[in-house]
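Structure file work00.csv (CSV, C-alpha atoms) follows.
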```
chain,number,residue,atom,x,y,z
Z,1359,MET,CA,-113.6,-164.5,68.7
Z,1360,ALA,CA,-111.2,-167.2,69.9
Z,1361,ILE,CA,-108.9,-166.2,72.7
Z,1362,SER,CA,-105.4,-167.6,73.2
Z,1363,ASN,CA,-103.1,-168.0,76.1
Z,1364,SER,CA,-100.9,-165.2,74.9
Z,1365,LEU,CA,-103.9,-162.9,74.6
Z,1366,ILE,CA,-104.9,-163.7,78.2
Z,1367,GLN,CA,-101.4,-163.0,79.3
Z,1368,GLU,CA,-101.3,-159.7,77.5
Z,1369,ASN,CA,-104.6,-158.6,79.0
Z,1370,LEU,CA,-103.4,-159.5,82.5
Z,1371,LEU,CA,-100.0,-157.8,82.1
Z,1372,GLU,CA,-101.7,-154.7,80.8
Z,1373,LYS,CA,-104.1,-154.5,83.7
Z,1374,PHE,CA,-101.9,-155.6,86.6
Z,1375,GLY,CA,-98.3,-155.1,85.3
Z,1376,GLU,CA,-95.7,-156.3,87.8
Z,1377,ASN,CA,-98.2,-157.8,90.1
Z,1378,VAL,CA,-98.8,-160.9,87.9
Z,1379,SER,CA,-95.9,-163.1,87.1
Z,1380,ASN,CA,-94.5,-166.5,86.4
Z,1381,PHE,CA,-96.6,-167.2,83.3
Z,1382,GLN,CA,-96.2,-170.8,82.2
Z,1383,ASP,CA,-97.7,-172.8,79.4
Z,1384,THR,CA,-98.0,-176.4,80.5
Z,1385,TYR,CA,-99.7,-178.8,78.1
Z,1386,GLU,CA,-101.4,-175.7,76.5
Z,1387,MET,CA,-102.9,-174.6,79.8
Z,1388,LEU,CA,-101.9,-171.2,81.0
Z,1389,SER,CA,-100.8,-170.9,84.6
Z,1390,PHE,CA,-99.6,-167.8,86.5
Z,1391,GLU,CA,-99.4,-166.3,90.0
Z,1392,SER,CA,-100.1,-163.0,91.7
Z,1393,SER,CA,-99.5,-161.6,95.1
Z,1394,LYS,CA,-102.2,-162.8,97.5
Z,1395,GLU,CA,-103.4,-159.2,98.3
Z,1396,ILE,CA,-104.9,-158.8,94.8
Z,1397,ASN,CA,-106.3,-162.3,94.3
Z,1398,LEU,CA,-109.9,-161.1,94.2
Z,1399,LYS,CA,-109.1,-158.3,91.8
Z,1400,VAL,CA,-107.5,-160.7,89.4
Z,1401,LEU,CA,-110.4,-163.2,89.7
Z,1402,GLN,CA,-112.9,-160.4,89.1
Z,1403,PHE,CA,-111.0,-159.1,86.1
Z,1404,LEU,CA,-110.9,-162.5,84.6
Z,1405,TYR,CA,-114.6,-162.9,85.3
Z,1406,GLU,CA,-115.9,-159.5,84.1
Z,1407,GLU,CA,-113.7,-158.6,81.2
Z,1408,ASP,CA,-115.6,-159.4,78.0
Z,1409,SER,CA,-112.6,-160.7,76.1
Z,1410,LEU,CA,-111.7,-163.2,78.9
Z,1411,GLY,CA,-115.0,-164.4,80.6
Z,1412,PHE,CA,-113.6,-167.0,83.0
Z,1413,ARG,CA,-116.9,-167.4,84.8
Z,1414,PHE,CA,-116.7,-171.0,86.1
Z,1415,LEU,CA,-114.5,-172.0,89.1
Z,1416,THR,CA,-113.6,-175.6,88.3
Z,1417,ASP,CA,-111.5,-176.2,91.4
Z,1418,LEU,CA,-110.0,-174.5,94.3
Z,1419,THR,CA,-107.3,-176.2,96.4
Z,1420,ALA,CA,-104.0,-175.7,98.0
Z,1421,VAL,CA,-100.5,-177.2,97.8
Z,1422,HIS,CA,-97.9,-177.3,100.6
Z,1423,TYR,CA,-94.3,-176.6,99.6
Z,1424,PRO,CA,-92.4,-176.9,102.9
Z,1425,ASN,CA,-89.1,-175.9,101.4
Z,1426,GLN,CA,-90.2,-172.5,100.1
Z,1427,ILE,CA,-89.7,-170.4,103.2
Z,1428,GLY,CA,-92.2,-167.5,103.5
Z,1429,ARG,CA,-94.4,-168.9,100.7
Z,1430,GLU,CA,-95.1,-172.4,101.8
Z,1431,LEU,CA,-98.8,-172.6,100.9
Z,1432,ALA,CA,-100.1,-172.1,97.3
Z,1433,VAL,CA,-103.8,-171.6,96.9
Z,1434,VAL,CA,-104.7,-172.7,93.4
Z,1435,TYR,CA,-107.8,-171.6,91.4
Z,1436,HIS,CA,-108.8,-173.5,88.2
Z,1437,LEU,CA,-110.9,-171.4,86.0
Z,1438,HIS,CA,-112.9,-172.2,82.9
Z,1439,ASN,CA,-114.2,-170.1,80.1
Z,1440,LEU,CA,-117.3,-172.1,79.2
Z,1441,VAL,CA,-117.9,-170.2,75.9
Z,1442,GLU,CA,-114.5,-170.6,74.4
Z,1443,ASN,CA,-113.7,-173.8,76.3
Z,1444,ILE,CA,-110.4,-172.5,77.7
Z,1445,ARG,CA,-109.0,-173.2,81.1
Z,1446,LEU,CA,-106.3,-171.6,83.2
Z,1447,ARG,CA,-104.6,-172.0,86.5
Z,1448,PHE,CA,-104.1,-169.1,88.9
Z,1449,LYS,CA,-102.0,-169.4,92.1
Z,1450,VAL,CA,-101.4,-167.2,95.1
Z,1451,PHE,CA,-98.7,-168.0,97.7
Z,1452,THR,CA,-98.9,-167.3,101.3
Z,1453,SER,CA,-96.7,-167.9,104.4
Z,1454,ILE,CA,-97.7,-170.8,106.6
Z,1455,ASN,CA,-97.5,-168.7,109.7
Z,1456,GLU,CA,-100.1,-166.2,108.4
Z,1457,PRO,CA,-102.2,-168.2,106.0
Z,1458,ASN,CA,-104.7,-165.4,105.4
Z,1459,VAL,CA,-106.2,-165.3,101.9
Z,1460,PHE,CA,-109.3,-163.3,100.8
Z,1461,THR,CA,-112.3,-165.5,100.1
Z,1462,ALA,CA,-113.6,-166.0,96.6
Z,1463,SER,CA,-117.0,-167.1,97.9
Z,1464,LYS,CA,-118.6,-163.7,97.1
Z,1465,LEU,CA,-117.6,-164.0,93.5
Z,1466,PHE,CA,-118.2,-167.8,93.0
Z,1467,GLU,CA,-120.9,-169.6,95.1
Z,1468,SER,CA,-119.0,-172.8,94.5
Z,1469,ALA,CA,-116.0,-171.5,96.3
Z,1470,ASN,CA,-117.8,-171.8,99.7
Z,1471,TRP,CA,-117.4,-175.5,100.2
Z,1472,MET,CA,-114.1,-175.7,98.3
Z,1473,GLU,CA,-112.6,-173.1,100.6
Z,1474,ARG,CA,-113.9,-175.1,103.6
Z,1475,GLU,CA,-112.2,-178.2,102.2
Z,1476,THR,CA,-109.0,-176.3,101.7
Z,1477,TYR,CA,-109.2,-174.9,105.2
Z,1478,ASP,CA,-109.9,-178.5,106.5
Z,1479,PHE,CA,-106.9,-180.0,104.9
Z,1480,PHE,CA,-104.3,-177.2,104.7
Z,1481,GLY,CA,-105.5,-174.6,107.3
Z,1482,VAL,CA,-105.7,-171.7,104.8
Z,1483,ASN,CA,-107.7,-169.0,106.6
Z,1484,PHE,CA,-110.0,-167.5,104.0
Z,1485,VAL,CA,-110.7,-164.0,105.3
Z,1486,GLY,CA,-114.4,-163.1,104.9
Z,1487,HIS,CA,-115.7,-166.6,104.4
Z,1488,PRO,CA,-119.2,-166.9,105.8
Z,1489,ASN,CA,-118.8,-170.3,107.5
Z,1490,LEU,CA,-115.2,-171.5,107.7
Z,1491,ILE,CA,-115.4,-174.8,109.5
Z,1492,ARG,CA,-114.3,-178.3,108.7
Z,1493,VAL,CA,-116.4,-180.1,106.0
Z,1494,LEU,CA,-114.9,-183.6,105.5
Z,1495,ASN,CA,-112.8,-184.5,108.6
Z,1496,VAL,CA,-114.1,-185.0,112.1
Z,1497,ASP,CA,-114.7,-181.8,114.0
Z,1498,GLU,CA,-112.4,-182.9,116.8
Z,1499,MET,CA,-109.4,-183.0,114.5
Z,1500,ASP,CA,-106.8,-180.6,115.8
Z,1501,TYR,CA,-104.4,-180.4,112.8
Z,1502,PHE,CA,-104.4,-180.0,109.0
Z,1503,PRO,CA,-103.7,-183.5,107.7
Z,1504,LEU,CA,-102.4,-182.7,104.2
Z,1505,ARG,CA,-99.6,-180.4,105.4
Z,1506,LYS,CA,-96.4,-182.3,104.8
Z,1507,GLU,CA,-95.2,-182.0,108.4
Z,1508,TYR,CA,-97.7,-184.7,109.4
Z,1509,PRO,CA,-97.2,-188.4,108.5
Z,1510,LEU,CA,-99.9,-190.1,106.4
Z,1511,GLU,CA,-100.4,-193.0,108.7
Z,1512,ASP,CA,-102.8,-193.0,111.7
Z,1513,GLN,CA,-100.5,-192.2,114.7
Z,1514,THR,CA,-103.0,-193.5,117.3
Z,1515,ARG,CA,-102.5,-197.1,116.1
Z,1516,ILE,CA,-100.2,-199.2,118.3
Z,1517,ASP,CA,-100.6,-202.7,116.9
Z,1518,LYS,CA,-99.1,-202.1,113.5
Z,1519,ASP,CA,-95.5,-203.2,113.6
Z,1520,ASP,CA,-93.2,-201.0,111.5
Z,1521,GLU,CA,-91.0,-204.0,110.6
Z,1522,MET,CA,-93.9,-205.6,108.7
Z,1523,PHE,CA,-94.4,-202.5,106.6
Z,1524,GLY,CA,-90.8,-202.1,105.5
Z,1525,ARG,CA,-90.0,-199.1,107.6
Z,1526,GLY,CA,-88.4,-200.8,110.6
B,1314,MET,CA,-111.8,-236.4,77.6
B,1315,ARG,CA,-112.1,-236.4,81.3
B,1316,PRO,CA,-115.7,-236.6,82.4
B,1317,VAL,CA,-117.0,-233.9,84.7
B,1318,ARG,CA,-118.4,-235.5,87.8
B,1319,PHE,CA,-119.9,-233.9,90.7
B,1320,ASN,CA,-120.3,-235.3,94.2
B,1321,ILE,CA,-118.0,-238.2,93.8
B,1322,ASN,CA,-118.3,-238.9,97.5
B,1323,ALA,CA,-121.9,-238.1,97.7
B,1324,LYS,CA,-123.2,-237.5,101.2
B,1325,VAL,CA,-126.5,-239.2,102.0
B,1326,ALA,CA,-129.0,-236.5,102.9
B,1327,SER,CA,-130.4,-236.7,106.4
B,1328,THR,CA,-132.9,-234.6,108.3
B,1329,LYS,CA,-130.3,-234.2,111.1
B,1330,ASP,CA,-128.1,-232.1,108.8
B,1331,ALA,CA,-131.0,-230.1,107.6
B,1332,ILE,CA,-132.3,-229.0,111.0
B,1333,GLY,CA,-129.2,-229.5,113.1
B,1334,GLN,CA,-128.5,-231.6,116.1
B,1335,ALA,CA,-131.1,-231.7,118.7
B,1336,PRO,CA,-129.9,-230.4,122.0
B,1337,PRO,CA,-129.0,-232.9,124.8
B,1338,GLY,CA,-131.9,-233.8,127.0
B,1339,PHE,CA,-134.2,-236.6,128.2
B,1340,GLU,CA,-136.4,-238.2,125.7
B,1341,GLY,CA,-139.4,-240.5,126.2
B,1342,GLU,CA,-142.6,-241.5,124.5
B,1343,GLY,CA,-144.3,-238.3,123.5
B,1344,PHE,CA,-142.1,-235.9,125.5
B,1345,PHE,CA,-138.6,-234.3,125.4
B,1346,THR,CA,-137.1,-232.2,128.1
B,1347,THR,CA,-134.0,-229.9,127.8
B,1348,LYS,CA,-132.6,-226.7,129.1
B,1349,MET,CA,-134.5,-223.4,128.3
B,1350,SER,CA,-131.3,-221.8,127.0
B,1351,GLU,CA,-130.8,-224.6,124.5
B,1352,VAL,CA,-134.2,-224.1,123.1
B,1353,VAL,CA,-133.9,-220.4,123.0
B,1354,GLY,CA,-130.4,-220.7,121.4
B,1355,LEU,CA,-131.8,-223.0,118.7
B,1356,ALA,CA,-134.6,-220.7,117.9
B,1357,ARG,CA,-132.4,-217.6,117.9
B,1358,LYS,CA,-129.6,-219.0,115.7
B,1359,ASN,CA,-132.0,-220.1,113.0
B,1360,SER,CA,-133.9,-216.9,112.8
B,1361,LEU,CA,-131.3,-214.2,112.8
B,1362,TRP,CA,-132.3,-210.8,111.3
B,1363,PRO,CA,-129.2,-209.2,109.8
B,1364,LEU,CA,-128.8,-205.5,109.5
B,1365,PRO,CA,-126.4,-204.8,106.6
B,1366,PHE,CA,-124.2,-201.8,107.2
B,1367,ALA,CA,-122.5,-201.8,103.8
B,1368,THR,CA,-120.2,-199.0,103.0
B,1369,SER,CA,-118.0,-200.4,100.2
B,1370,CYS,CA,-116.9,-203.4,98.2
B,1371,CYS,CA,-117.6,-205.9,100.9
B,1372,GLY,CA,-121.2,-204.8,100.6
B,1373,ILE,CA,-121.2,-206.0,97.0
B,1374,GLU,CA,-120.0,-209.4,98.2
B,1375,PHE,CA,-122.8,-209.4,100.7
B,1376,MET,CA,-125.3,-208.7,97.9
B,1377,ALA,CA,-124.0,-211.9,96.2
B,1378,THR,CA,-124.2,-213.7,99.5
B,1379,MET,CA,-127.9,-212.7,99.8
B,1380,ALA,CA,-128.7,-213.6,96.2
B,1381,SER,CA,-129.9,-216.9,94.9
B,1382,HIS,CA,-126.5,-218.6,94.2
B,1383,TYR,CA,-125.1,-218.4,97.7
B,1384,ASP,CA,-128.4,-217.7,99.4
B,1385,LEU,CA,-128.0,-216.7,103.0
B,1386,SER,CA,-131.7,-217.4,103.6
B,1387,ARG,CA,-130.8,-221.1,103.9
B,1388,PHE,CA,-129.5,-220.2,107.4
B,1389,GLY,CA,-132.7,-218.6,108.5
B,1390,ALA,CA,-131.5,-215.1,107.7
B,1391,GLU,CA,-134.0,-214.5,104.9
B,1392,ARG,CA,-135.3,-211.3,106.5
B,1393,VAL,CA,-132.7,-208.6,106.1
B,1394,GLY,CA,-133.9,-205.6,108.2
B,1395,PHE,CA,-133.1,-202.0,107.6
B,1396,SER,CA,-134.1,-200.8,111.0
B,1397,PRO,CA,-131.7,-201.4,113.8
B,1398,ARG,CA,-134.6,-201.8,116.3
B,1399,GLN,CA,-135.7,-205.0,114.6
B,1400,CYS,CA,-132.4,-206.7,114.0
B,1401,ASP,CA,-130.2,-209.1,115.9
B,1402,LEU,CA,-127.0,-209.1,113.9
B,1403,LEU,CA,-125.1,-206.0,112.8
B,1404,MET,CA,-123.0,-206.9,109.7
B,1405,VAL,CA,-120.4,-204.1,109.1
B,1406,MET,CA,-119.1,-204.4,105.6
B,1407,GLY,CA,-116.6,-201.8,104.4
B,1408,THR,CA,-114.4,-199.0,105.4
B,1409,ILE,CA,-115.6,-197.0,108.4
B,1410,SER,CA,-114.2,-193.5,108.4
B,1411,LYS,CA,-113.7,-191.7,111.7
B,1412,LYS,CA,-116.6,-189.4,110.9
B,1413,MET,CA,-118.8,-192.5,110.4
B,1414,GLY,CA,-117.7,-194.0,113.7
B,1415,PRO,CA,-120.3,-192.2,115.9
B,1416,VAL,CA,-123.0,-193.1,113.4
B,1417,LEU,CA,-122.1,-196.8,113.6
B,1418,ARG,CA,-122.1,-196.6,117.3
B,1419,GLN,CA,-125.5,-195.0,117.3
B,1420,VAL,CA,-126.9,-197.8,115.1
B,1421,TYR,CA,-125.4,-200.3,117.5
B,1422,LEU,CA,-127.0,-198.6,120.5
B,1423,GLN,CA,-130.4,-198.6,118.8
B,1424,MET,CA,-130.4,-202.3,118.4
B,1425,ALA,CA,-132.2,-204.3,121.2
B,1426,GLU,CA,-130.5,-207.0,123.2
B,1427,PRO,CA,-129.5,-209.6,122.4
B,1428,ARG,CA,-127.4,-208.3,119.6
B,1429,TRP,CA,-124.3,-209.6,117.7
B,1430,VAL,CA,-121.8,-207.8,115.5
B,1431,MET,CA,-119.8,-209.2,112.6
B,1432,ALA,CA,-116.9,-207.3,111.1
B,1433,VAL,CA,-116.7,-208.3,107.4
B,1434,GLY,CA,-113.5,-207.6,105.6
B,1435,ALA,CA,-110.1,-206.1,106.3
B,1436,CYS,CA,-111.3,-202.5,106.6
B,1437,ALA,CA,-114.0,-203.1,109.2
B,1438,SER,CA,-111.7,-205.4,111.1
B,1439,SER,CA,-108.5,-203.4,111.2
B,1440,GLY,CA,-108.7,-200.4,108.8
B,1441,GLY,CA,-107.2,-202.6,106.1
B,1442,ILE,CA,-105.0,-200.8,103.6
B,1443,PHE,CA,-106.3,-197.4,104.8
B,1444,ASP,CA,-103.7,-196.8,107.5
B,1445,THR,CA,-104.5,-193.1,107.4
B,1446,TYR,CA,-105.7,-190.1,109.4
B,1447,SER,CA,-109.4,-190.3,108.3
B,1448,VAL,CA,-110.2,-194.0,108.7
B,1449,LEU,CA,-111.2,-195.9,111.8
B,1450,GLN,CA,-108.6,-198.6,112.5
B,1451,GLY,CA,-111.2,-201.3,113.1
B,1452,ILE,CA,-114.7,-201.0,114.3
B,1453,ASP,CA,-113.8,-202.7,117.6
B,1454,GLN,CA,-112.5,-199.3,118.6
B,1455,VAL,CA,-116.2,-198.1,119.0
B,1456,ILE,CA,-118.3,-201.2,119.4
B,1457,PRO,CA,-117.7,-204.8,120.6
B,1458,VAL,CA,-117.3,-207.4,117.7
B,1459,ASP,CA,-118.2,-211.1,117.9
B,1460,VAL,CA,-116.8,-212.4,114.6
B,1461,TYR,CA,-114.2,-211.0,112.2
B,1462,VAL,CA,-114.2,-212.2,108.6
B,1463,PRO,CA,-110.8,-211.7,106.9
B,1464,GLY,CA,-110.5,-210.9,103.2
B,1465,CYS,CA,-110.3,-207.9,100.9
B,1466,PRO,CA,-113.1,-208.4,100.1
B,1467,PRO,CA,-114.0,-211.8,101.5
B,1468,ARG,CA,-115.8,-214.2,99.1
B,1469,PRO,CA,-119.4,-215.0,99.8
B,1470,GLU,CA,-118.2,-218.4,101.2
B,1471,ALA,CA,-116.2,-216.5,103.8
B,1472,ILE,CA,-119.1,-214.4,104.8
B,1473,ILE,CA,-121.3,-217.5,105.1
B,1474,ASP,CA,-118.5,-219.1,107.3
B,1475,GLY,CA,-118.5,-216.0,109.5
B,1476,PHE,CA,-122.3,-216.2,109.7
B,1477,MET,CA,-122.2,-219.8,110.7
B,1478,ARG,CA,-119.7,-218.9,113.5
B,1479,ILE,CA,-122.1,-216.3,114.7
B,1480,GLN,CA,-124.8,-219.0,114.7
B,1481,ASP,CA,-122.5,-221.2,116.8
B,1482,LEU,CA,-122.1,-218.3,119.3
B,1483,VAL,CA,-125.8,-217.6,119.4
B,1484,GLY,CA,-126.7,-221.2,119.8
B,1485,GLU,CA,-124.3,-221.8,122.7
B,1486,GLU,CA,-125.0,-218.5,124.5
B,1487,SER,CA,-126.6,-218.7,127.9
B,1488,ILE,CA,-129.8,-216.8,128.3
B,1489,ARG,CA,-128.3,-215.1,131.4
B,1490,ARG,CA,-125.2,-213.9,129.6
B,1491,ARG,CA,-126.5,-210.5,128.8
B,1492,ASN,CA,-127.3,-209.8,132.4
B,1493,GLY,CA,-124.0,-210.9,133.7
B,1494,ASP,CA,-121.2,-208.7,135.2
B,1495,GLN,CA,-118.7,-209.8,132.5
B,1496,TYR,CA,-121.0,-208.6,129.7
B,1497,LYS,CA,-121.7,-205.3,131.5
B,1498,ALA,CA,-117.9,-204.8,132.0
B,1499,LEU,CA,-117.4,-205.4,128.3
B,1500,LEU,CA,-120.0,-202.7,127.4
B,1501,ASN,CA,-118.6,-200.4,130.0
B,1502,SER,CA,-115.2,-200.7,128.4
B,1503,TYR,CA,-116.8,-199.1,125.3
B,1504,GLY,CA,-118.5,-196.5,127.4
B,1505,ILE,CA,-122.0,-197.9,126.9
B,1506,GLU,CA,-124.5,-197.7,129.8
```
Give the structure from the file, written as structure tokens.
Amino acid sequence: MAISNSLIQENLLEKFGENVSNFQDTYEMLSFESSKEINLKVLQFLYEEDSLGFRFLTDLTAVHYPNQIGRELAVVYHLHNLVENIRLRFKVFTSINEPNVFTASKLFESANWMERETYDFFGVNFVGHPNLIRVLNVDEMDYFPLRKEYPLEDQTRIDKDDEMFGRG
Amino acid sequence: MRPVRFNINAKVASTKDAIGQAPPGFEGEGFFTTKMSEVVGLARKNSLWPLPFATSCCGIEFMATMASHYDLSRFGAERVGFSPRQCDLLMVMGTISKKMGPVLRQVYLQMAEPRWVMAVGACASSGGIFDTYSVLQGIDQVIPVDVYVPGCPPRPEAIIDGFMRIQDLVGEESIRRRNGDQYKALLNSYGIE
């Protein structure tokens, strides 16, 4: 039985009602969001429901939206139904002051390192993660480099003249 | 059609070019005397053992440099070692991230004296285009460097030129340099010993 984006949307609305919203169909890929408290319930529903079967976590990352006060950080899950070859994008938003999101590492083993990476670069605190430490950057790093409040360039460098890089 | 001609101003081959200039000294029938450091320098510079530390595209250029066309072995560097304990010349080729920094430093510390370091390419010399939070802005932040080779990546000729400059340094170095106060001060400025 082929499943369509509208069928997935109906199933989700039937189960979670008001708690899932902002359904979008971008380039035939469904994307939606939920409140961060029920992220595991949504992921588990997508995983276990026979008519959905999203059992592969393709990617897990975050996006920083500095202008959305109170919901600055979006945690994005890319899920894949390998049987039907259908993908979807699921987002939860959280405040940057309390970036606590429940870990998906109990549901997907692959979420372990991807959540470490997301913590490393965006500082999302995955509650219940077994080993939430930096994975790519140096351990001594004391900030989260992909948050937009930090400049991209290395700030420890003193011999690069701004004039020569067109920002004088 | 214009004929293709090579070596229009052909240089007459001489053994002096092949083995280099003999060091200054006294010569007589059946003997030759010179300074110890000159002889040691001559021996060292023509038998360098490079340790390639290749992390990106400059390493590919180095592979071409080692291969038959450019042939670094002509300079006595036939034997590329992959143990730092055996090698004289650390050739750092490629982007060194901050996380790789301590590893590179450890490799340098494992090399025995006398040791030389060559930074090949823009990334190893200055961070190159990667002016970013994760990349070391030049390996001279963690270890002392003898020769910098510019280029992104440098052509094999440039790497060979850098290697010949290393040879010049090695040949002219006093055998007492590594015990001197200036050298110790240099290492201390990197927090070594």
Please report as a VMD selection string which residues of chain Z come no farther than 7 Å from chain B, using only C-alpha atoms. chain Z and resid 1495 to 1496 1510 to 1512
Would you pick out the contacts of Z:Pro1488 at 12 Å or less, using all atoms listed in the file, so that residues sharing its chain but fewer than 3 positions from it are not included, and give the list as a ChimeraX atom specification? /Z:1460-1464,1467,1469-1471,1473-1474,1483-1485,1491
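From atom CA of B:Ala1437 back to atom CA of B:Val1420, the distance works out to 15.1 Å.
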Find the residues near B:Phe1388: any atom within 9 Å, counting all atoms listed in the file, skip ones fewer than 4 places away on the same chain, and give them as a VMD selection string. chain B and resid 1358 to 1361 1384 1473 1476 to 1477 1480
Near stretch 1441-1444 of chain Z, counting all atoms listed in the file, which residues have an atom at most 9 Å away, once you skip same-chain residues fewer than 5 positions from it, shown as a PyMOL selection string? chain Z and resi 1359-1363+1387+1411-1412
Generate a file of the selected residues that holds C-alpha atoms, formatted as a JSON list (two decimals), keeping the file's coordinate frame.
```json
[["chain", "number", "residue", "atom", "x", "y", "z"],
["Z", 1359, "MET", "CA", -113.60, -164.50, 68.70],
["Z", 1360, "ALA", "CA", -111.20, -167.20, 69.90],
["Z", 1361, "ILE", "CA", -108.90, -166.20, 72.70],
["Z", 1362, "SER", "CA", -105.40, -167.60, 73.20],
["Z", 1363, "ASN", "CA", -103.10, -168.00, 76.10],
["Z", 1387, "MET", "CA", -102.90, -174.60, 79.80],
["Z", 1411, "GLY", "CA", -115.00, -164.40, 80.60],
["Z", 1412, "PHE", "CA", -113.60, -167.00, 83.00]]
```
Given the choices Z:Leu1494, Z:Val1433, Z:Met1499, Z:Ile1366, which gets closest to Z:Asp1408 if the distance is worked out from only C-alpha atoms? Z:Ile1366
Grab the atom CA of Z:Leu1398 to atom CA of Z:Ser1364 distance for me, in Å with one decimal place.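 Separating atom CA of Z:Leu1398 from atom CA of Z:Ser1364 is a distance of 21.7 Å.
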